[in-house]
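Asks: One file is attached below, final-v8.cif, containing mmCIF, C-alpha atoms.
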data_coords
#
loop_
_atom_site.label_atom_id
_atom_site.label_comp_id
_atom_site.auth_asym_id
_atom_site.auth_seq_id
_atom_site.Cartn_x
_atom_site.Cartn_y
_atom_site.Cartn_z
CA MET A 1 24.94 56.49 28.28
CA ARG A 2 21.81 56.03 26.19
CA THR A 3 22.12 55.80 22.43
CA VAL A 4 20.66 58.43 20.10
CA ILE A 5 19.16 56.61 17.13
CA HIS A 6 17.14 57.23 14.01
CA HIS A 7 14.26 54.76 13.82
CA THR A 8 14.22 52.56 10.74
CA ALA A 9 11.61 50.15 9.46
CA GLU A 10 13.73 47.04 10.09
CA LEU A 11 14.05 47.72 13.82
CA PRO A 12 11.40 46.48 16.29
CA PRO A 13 9.46 49.33 17.85
CA PRO A 14 11.70 50.47 20.73
CA VAL A 15 10.92 52.98 23.45
CA ILE A 16 12.26 56.33 22.28
CA VAL A 17 12.03 59.73 23.94
CA ASN A 18 12.96 62.64 21.67
CA ALA A 19 15.25 60.36 19.61
CA VAL A 20 16.89 58.83 22.73
CA LEU A 21 16.55 55.07 23.00
CA ILE A 22 15.66 53.41 26.30
CA PRO A 23 17.09 49.88 25.87
CA ALA A 24 14.90 46.88 26.60
CA VAL A 25 17.50 45.56 29.06
CA GLU A 26 17.12 48.76 31.09
CA ILE A 27 13.34 48.34 31.17
CA ALA A 28 13.82 44.71 32.26
CA ARG A 29 15.93 45.86 35.21
CA GLU A 30 13.29 48.44 36.16
CA VAL A 31 10.44 45.90 36.12
CA GLN A 32 11.34 44.64 39.62
CA ASN A 33 10.28 48.04 41.00
CA HIS A 34 6.81 47.85 39.45
CA PRO A 35 4.86 44.75 40.54
CA GLY A 36 1.72 44.51 38.47
CA PRO A 37 -1.19 42.17 37.80
CA SER A 38 0.72 40.67 34.85
CA PRO A 39 4.23 40.71 33.34
CA LYS A 40 2.91 42.89 30.51
CA ALA A 41 1.48 45.45 32.93
CA ALA A 42 4.70 45.49 34.96
CA TRP A 43 6.75 46.03 31.78
CA GLU A 44 4.51 48.90 30.71
CA GLU A 45 4.77 50.60 34.11
CA ALA A 46 8.54 50.20 34.10
CA ALA A 47 8.76 51.69 30.62
CA ARG A 48 6.62 54.68 31.65
CA ALA A 49 8.78 55.29 34.71
CA LEU A 50 11.94 55.35 32.58
CA VAL A 51 10.30 57.60 29.99
CA ILE A 52 9.41 60.07 32.77
CA ARG A 53 12.95 59.92 34.12
CA GLU A 54 14.36 60.56 30.64
CA LEU A 55 12.03 63.52 30.12
CA LEU A 56 13.19 65.09 33.37
CA VAL A 57 16.88 64.51 32.65
CA GLN A 58 16.52 65.95 29.15
CA ARG A 59 14.77 69.04 30.52
CA ALA A 60 17.47 69.53 33.17
CA ARG A 61 20.21 69.36 30.54
CA ALA A 62 18.30 71.70 28.25
CA LEU A 63 18.28 74.27 31.06
CA GLY A 64 22.02 73.84 31.52
CA LEU A 65 21.76 72.48 35.05
CA GLU A 66 24.83 70.81 36.49
CA PRO A 67 24.51 67.77 38.77
CA GLU A 68 25.68 68.27 42.33
CA PRO A 69 25.18 64.88 43.98
CA ARG A 70 24.49 64.84 47.70
CA THR A 71 25.49 62.20 50.19
CA GLU A 72 23.03 61.29 52.93
CA GLU A 73 23.46 58.48 55.44
CA GLY A 74 26.44 57.22 53.47
CA LEU A 75 24.53 57.00 50.17
CA ARG A 76 25.54 59.26 47.28
CA GLU A 77 23.07 60.41 44.64
CA THR A 78 23.67 59.42 41.05
CA GLU A 79 24.28 62.29 38.64
CA GLU A 80 20.83 61.74 37.08
CA ASP A 81 19.12 61.81 40.48
CA ALA A 82 20.95 65.02 41.31
CA LEU A 83 19.88 66.55 37.98
CA ILE A 84 16.25 65.64 38.56
CA ARG A 85 16.32 67.02 42.10
CA SER A 86 17.88 70.28 40.88
CA LEU A 87 15.32 70.53 38.09
CA LEU A 88 12.35 70.11 40.41
CA GLU A 89 13.80 72.58 42.90
CA ALA A 90 14.18 75.11 40.09
CA GLU A 91 10.89 74.54 38.28
CA ILE A 92 8.34 73.51 40.90
CA ARG A 93 6.85 76.15 43.15
CA THR A 94 4.08 75.35 45.61
CA PRO A 95 2.49 77.50 48.31
CA THR A 96 3.07 76.99 52.01
CA ALA A 97 0.09 75.87 54.06
CA ASP A 98 -0.76 78.75 56.37
CA GLY A 99 -2.64 78.44 59.64
CA ALA A 100 -6.04 79.24 58.12
CA ILE A 101 -5.73 76.53 55.47
CA CYS A 102 -4.57 74.00 58.04
CA ARG A 103 -7.43 74.92 60.35
CA ARG A 104 -9.99 74.40 57.60
CA TYR A 105 -8.53 70.97 56.87
CA TYR A 106 -8.59 70.10 60.58
CA ASP A 107 -12.26 71.14 60.91
CA ALA A 108 -13.23 69.23 57.75
CA HIS A 109 -11.60 65.94 58.85
CA PRO A 110 -12.19 65.57 62.59
CA GLY A 111 -11.95 61.78 62.51
CA ARG A 112 -8.32 61.92 61.40
CA PHE A 113 -7.18 63.82 64.47
CA ARG A 114 -8.30 61.69 67.37
CA THR A 115 -6.54 59.30 69.68
CA SER A 116 -7.50 55.69 69.07
CA ASP A 117 -10.26 54.00 71.02
CA LEU A 118 -8.76 51.60 73.56
CA PHE A 119 -10.32 48.26 74.37
CA GLU A 120 -9.74 45.90 77.29
CA PRO A 121 -10.86 42.49 76.01
CA LEU A 122 -10.81 39.02 77.45
CA HIS A 123 -10.72 36.01 75.17
CA ILE A 124 -10.62 32.25 75.14
CA LEU A 125 -8.62 30.80 72.26
CA PHE A 126 -9.21 27.36 70.81
CA GLN A 127 -6.09 27.13 68.67
CA ALA A 128 -6.39 25.56 65.23
CA ASP A 129 -4.87 25.78 61.76
CA ARG A 130 -7.23 26.86 58.98
CA GLY A 131 -5.48 24.38 56.71
CA ASP A 132 -6.58 21.53 58.96
CA ALA A 133 -10.31 21.33 58.25
CA GLY A 134 -10.98 18.64 60.82
CA GLY A 135 -8.97 20.33 63.56
CA TYR A 136 -10.56 23.70 62.87
CA ALA A 137 -14.06 22.20 62.97
CA ALA A 138 -13.24 20.59 66.31
CA ALA A 139 -12.00 23.93 67.70
CA LEU A 140 -15.20 25.60 66.51
CA ALA A 141 -17.32 22.93 68.22
CA ARG A 142 -15.41 23.40 71.49
CA ALA A 143 -15.90 27.17 71.29
CA GLU A 144 -19.63 26.80 70.66
CA ALA A 145 -19.95 24.47 73.65
CA ALA A 146 -18.10 26.96 75.86
CA LEU A 147 -20.38 29.77 74.65
CA VAL A 148 -23.43 27.77 75.68
CA GLU A 149 -21.98 27.51 79.17
CA LEU A 150 -21.16 31.23 79.28
CA ARG A 151 -24.66 32.24 78.26
CA ALA A 152 -25.91 30.41 81.31
CA SER A 153 -23.12 31.63 83.63
CA PRO A 154 -21.37 34.77 82.24
CA GLU A 155 -19.41 35.18 85.46
CA ARG A 156 -17.45 32.01 84.66
CA PHE A 157 -15.53 33.59 81.75
CA GLY A 158 -12.28 33.87 83.72
CA ALA A 159 -12.50 30.33 85.03
CA LEU A 160 -13.18 28.91 81.57
CA ALA A 161 -10.31 30.90 80.09
CA ARG A 162 -7.94 29.43 82.67
CA ALA A 163 -9.25 25.94 82.01
CA LEU A 164 -9.67 25.97 78.23
CA SER A 165 -7.70 28.72 76.51
CA ASP A 166 -4.71 27.85 74.34
CA CYS A 167 -3.41 31.41 74.75
CA SER A 168 -0.97 32.36 77.50
CA SER A 169 -3.50 35.00 78.57
CA GLY A 170 -5.64 32.17 79.91
CA ARG A 171 -3.54 32.17 83.07
CA ASP A 172 -4.90 35.68 83.73
CA GLY A 173 -8.50 34.82 82.95
CA GLY A 174 -8.10 35.69 79.26
CA ARG A 175 -7.09 39.32 79.82
CA LEU A 176 -5.20 40.87 76.90
CA GLY A 177 -4.63 44.29 78.43
CA GLN A 178 -5.38 47.40 76.39
CA VAL A 179 -5.50 47.03 72.61
CA ALA A 180 -6.04 49.63 69.91
CA SER A 181 -6.96 49.51 66.25
CA GLY A 182 -4.47 47.37 64.36
CA ASP A 183 -3.25 45.44 67.40
CA THR A 184 -5.32 42.34 66.64
CA THR A 185 -6.47 40.48 63.53
CA PRO A 186 -9.17 42.19 61.41
CA GLU A 187 -11.77 39.57 62.40
CA PHE A 188 -10.99 39.94 66.10
CA GLU A 189 -11.06 43.75 65.86
CA ALA A 190 -14.37 43.77 63.97
CA ALA A 191 -16.03 41.53 66.56
CA LEU A 192 -14.59 43.57 69.43
CA SER A 193 -15.81 46.87 67.99
CA ARG A 194 -19.41 45.57 67.98
CA LEU A 195 -19.42 44.73 71.69
CA ARG A 196 -20.55 46.90 74.57
CA PRO A 197 -18.64 46.81 77.86
CA GLY A 198 -19.61 43.68 79.78
CA GLU A 199 -20.85 41.91 76.64
CA THR A 200 -19.60 38.58 75.21
CA CYS A 201 -19.69 37.83 71.49
CA ALA A 202 -22.82 35.99 70.36
CA GLU A 203 -20.88 33.67 68.04
CA PRO A 204 -17.33 32.29 67.99
CA VAL A 205 -14.85 34.50 66.12
CA GLN A 206 -12.70 32.71 63.58
CA THR A 207 -9.17 33.97 62.80
CA ARG A 208 -5.95 32.51 61.44
CA TYR A 209 -4.96 31.59 64.99
CA GLY A 210 -8.06 29.55 65.68
CA VAL A 211 -11.47 30.21 67.20
CA HIS A 212 -12.03 32.85 69.89
CA ILE A 213 -14.68 33.73 72.41
CA ILE A 214 -14.37 37.46 73.09
CA ARG A 215 -15.66 39.55 75.96
CA LEU A 216 -15.24 43.33 76.18
CA GLU A 217 -14.53 44.39 79.72
CA ARG A 218 -13.92 48.11 79.20
CA LYS A 219 -13.66 50.68 76.40
CA VAL A 220 -11.91 54.05 76.53
CA GLU A 221 -13.20 56.37 73.83
CA GLY A 222 -10.62 58.24 71.77
CA ALA A 223 -10.42 62.01 72.17
CA ALA A 224 -9.92 64.83 69.68
CA LEU A 225 -6.33 66.04 69.42
CA PRO A 226 -5.98 69.82 69.78
CA PHE A 227 -5.30 71.74 66.57
CA GLU A 228 -2.05 73.15 67.94
CA GLN A 229 -0.69 69.65 68.41
CA VAL A 230 -1.40 68.47 64.86
CA HIS A 231 -0.87 71.76 63.02
CA PRO A 232 2.71 70.89 61.89
CA ARG A 233 1.60 67.47 60.67
CA ILE A 234 -1.29 68.96 58.68
CA ALA A 235 0.96 71.62 57.13
CA ALA A 236 3.52 69.00 56.07
CA TYR A 237 0.79 66.81 54.57
CA LEU A 238 -0.84 69.63 52.61
CA GLU A 239 2.46 70.94 51.29
CA GLU A 240 3.57 67.44 50.26
CA SER A 241 0.24 66.87 48.51
CA ALA A 242 0.54 70.17 46.65
CA TRP A 243 4.09 69.31 45.59
CA ARG A 244 3.04 65.89 44.30
CA ARG A 245 0.21 67.42 42.23
CA ALA A 246 2.56 70.03 40.82
CA VAL A 247 5.14 67.40 39.82
CA ALA A 248 2.44 65.28 38.16
CA GLN A 249 1.26 68.31 36.16
CA TYR A 250 4.84 69.20 35.22
CA VAL A 251 5.55 65.68 33.99
CA ALA A 252 2.31 65.67 31.98
CA LEU A 253 3.36 68.94 30.34
CA LEU A 254 6.79 67.57 29.39
CA ALA A 255 5.22 64.37 28.01
CA GLY A 256 2.75 66.38 25.96
CA GLN A 257 5.57 68.33 24.35
CA ALA A 258 7.82 65.33 23.70
CA ARG A 259 8.10 62.81 20.87
CA ILE A 260 7.57 59.45 22.53
CA THR A 261 7.24 56.13 20.71
CA GLY A 262 6.93 52.58 21.95
CA CYS A 263 5.25 53.57 25.23
CA ASP A 264 1.66 54.54 25.95
CA MET A 265 1.82 57.44 28.41
CA ALA A 266 -1.95 57.70 28.86
CA GLY A 267 -2.71 57.90 32.56
CA ALA A 268 0.97 57.68 33.49
CA THR A 269 1.90 58.84 36.97
CA SER A 270 5.36 60.01 37.87
CA PRO A 271 7.16 57.56 40.18
CA LEU A 272 8.18 60.69 42.11
CA VAL A 273 4.59 61.24 43.24
CA GLN A 274 3.43 57.72 44.06
#
Using the file provided, produce a representation of the structure as structure tokens.
Replies:
Amino acid sequence: MRTVIHHTAELPPPVIVNAVLIPAVEIAREVQNHPGPSPKAAWEEAARALVIRELLVQRARALGLEPEPRTEEGLRETEEDALIRSLLEAEIRTPTADGAICRRYYDAHPGRFRTSDLFEPLHILFQADRGDAGGYAAALARAEAALVELRASPERFGALARALSDCSSGRDGGRLGQVASGDTTPEFEAALSRLRPGETCAEPVQTRYGVHIIRLERKVEGAALPFEQVHPRIAAYLEESAWRRAVAQYVALLAGQARITGCDMAGATSPLVQ
């Protein structure tokens, strides 16, 4: 239970929401949920989150709502969580995303509704630790020497992979099978995306695993997903986005009507909509 206080000059400036104190110890516990660039920033974000929570609980009680905690997957809501959920269900109204709206979103963002490009790369890995400067330089030199040989005899890629690669794929001539976006390191993926089928990278590719020589054997272009297949996903996304905006506006309205001291609410975002 939070304490209702009357602020006096001898007290340090606490965080108060409509005469209800949010104790510093409660803010300290909340800080762990708000990693920030500095302890001060984390404290401020934690304080804002608790101010928003207090605003919502106060509004729910002012409307006479009664908490009805739910239990899902063995976890029971707290009474405050149940109050906030009931409040938002009662006060927030957002439109459903009909087929026309979803279709316009689909047409406006074609790149979001495609299957991923698939790549079939081969590579030769010269394993090295970035923390070992000498070892990494030696791996880079070995890769550069192998590239010189491959420029003269591209058909020897498989043989060199079997002879030189520190990856288990070397036994299969360096074949990695099909990979999609996100399956490899960012550096490997960037180098792979620049290659045409049958082409070998012009320079060694450096990653946290070591130094690679990469060859693209085949690429399968992604294809557009039909609207009917992604319609439910688009509708859910648009409705969730609308709900988040509505909650943010509702919180801003409550904050604007409240008496808040000890916490700068400028630019605050509800933790419910992050």
Asks: For A:Val51, please output as a count of residues only all residues within 12 Å (counting only C-alpha atoms; exclusion window: fewer than 4 positions along the same chain).
Replies: 37
Asks: Name the closest residue to A:Ala223 among the candidates A:Pro186, A:Arg112, A:Leu75, A:Arg104; distances are taken between atoms, counting all atoms listed in the file.
Replies: A:Arg112
Asks: Return as a VMD selection string the set of residues that the PyMOL selection byres ((chain A and resi 153-166) around 9) yields on the displayed structure.
Replies: chain A and resid 122 to 127 146 148 to 152 167 to 175 200 212 215
Asks: For this structure, which residues satisfy the selection - the PyMOL selection byres ((chain A and resi 81) around 12) - when it is evaluated on the file as given? I want them as a PDB file with C-alpha atoms, in the frame of the given file.
Replies:
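expr07.pdb, freshly written:
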ATOM      1  CA  ARG A  53      12.950  59.920  34.120  1.00  0.00           C
ATOM      2  CA  GLU A  54      14.360  60.560  30.640  1.00  0.00           C
ATOM      3  CA  LEU A  56      13.190  65.090  33.370  1.00  0.00           C
ATOM      4  CA  VAL A  57      16.880  64.510  32.650  1.00  0.00           C
ATOM      5  CA  ALA A  60      17.470  69.530  33.170  1.00  0.00           C
ATOM      6  CA  GLU A  66      24.830  70.810  36.490  1.00  0.00           C
ATOM      7  CA  PRO A  67      24.510  67.770  38.770  1.00  0.00           C
ATOM      8  CA  GLU A  68      25.680  68.270  42.330  1.00  0.00           C
ATOM      9  CA  PRO A  69      25.180  64.880  43.980  1.00  0.00           C
ATOM     10  CA  ARG A  70      24.490  64.840  47.700  1.00  0.00           C
ATOM     11  CA  THR A  71      25.490  62.200  50.190  1.00  0.00           C
ATOM     12  CA  ARG A  76      25.540  59.260  47.280  1.00  0.00           C
ATOM     13  CA  GLU A  77      23.070  60.410  44.640  1.00  0.00           C
ATOM     14  CA  THR A  78      23.670  59.420  41.050  1.00  0.00           C
ATOM     15  CA  GLU A  79      24.280  62.290  38.640  1.00  0.00           C
ATOM     16  CA  GLU A  80      20.830  61.740  37.080  1.00  0.00           C
ATOM     17  CA  ALA A  82      20.950  65.020  41.310  1.00  0.00           C
ATOM     18  CA  LEU A  83      19.880  66.550  37.980  1.00  0.00           C
ATOM     19  CA  ILE A  84      16.250  65.640  38.560  1.00  0.00           C
ATOM     20  CA  ARG A  85      16.320  67.020  42.100  1.00  0.00           C
ATOM     21  CA  SER A  86      17.880  70.280  40.880  1.00  0.00           C
ATOM     22  CA  LEU A  87      15.320  70.530  38.090  1.00  0.00           C
ATOM     23  CA  LEU A  88      12.350  70.110  40.410  1.00  0.00           C
ATOM     24  CA  LEU A 272       8.180  60.690  42.110  1.00  0.00           C
TER      25      LEU A 272
END
Asks: Between A:Gly210, A:Pro37, A:Pro232, A:Gly256, which one has atoms that come closest to A:Arg142, using all atoms listed in the file?
Replies: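 That would be A:Gly210, the residue with the smallest distance to A:Arg142.
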Asks: For A:Gly99, work out the shell of residues within 12 Å, counting all atoms listed in the file and skipping chain neighbours fewer than 2 positions away, then give it as a list in words.
Replies: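 Skipping anything fewer than 2 positions along the chain leaves Thr96, Ala97, Ile101, Cys102, Arg103, Arg104, Tyr105, Tyr106, Phe227, Glu228, Val230, His231, Pro232, Arg233, Ile234, Ala235, Ala236 and Leu238 of chain A.
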Asks: Tell me which residues come within 8 Å of (9.5, 47.0, 38.9), as a ChimeraX atom specification, counting all atoms listed in the file in the file's coordinates.
Replies: /A:29-35,42-43,45-46
Asks: Between atom CA of A:Glu187 and atom CA of A:Ser116, what is the spacing in Å?
Replies: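 One can read the atom CA of A:Ser116 to atom CA of A:Glu187 distance as 18.0 Å.
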Asks: Given the point (-9.2, 44.4, 79.9) in the file's coordinates, find the residues that have an atom at most 8 Å from it, counting all atoms listed in the file, and give them as a VMD selection string.
Replies: chain A and resid 119 to 122 175 to 178 216 to 218
Asks: With distances taken over only C-alpha atoms, which of A:Ala108, A:Leu63, A:Gln206, A:Gln257 is nearest to A:Glu91?
Replies: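 Comparing A:Ala108, A:Leu63, A:Gln206, A:Gln257 against A:Glu91, the winner is A:Leu63.
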Asks: When you draw a straight line from atom CA of A:Glu144 to atom CA of A:Val220, how long is it in Å?
Replies: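 Computing the Euclidean distance for atom CA of A:Glu144 and atom CA of A:Val220 yields 28.9 Å.
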Asks: One number please: atom CA of A:Gly111 to atom CA of A:Glu239, in Å, one decimal.
Replies: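 If I compute the distance from atom CA of A:Gly111 to atom CA of A:Glu239, I get 20.4 Å.
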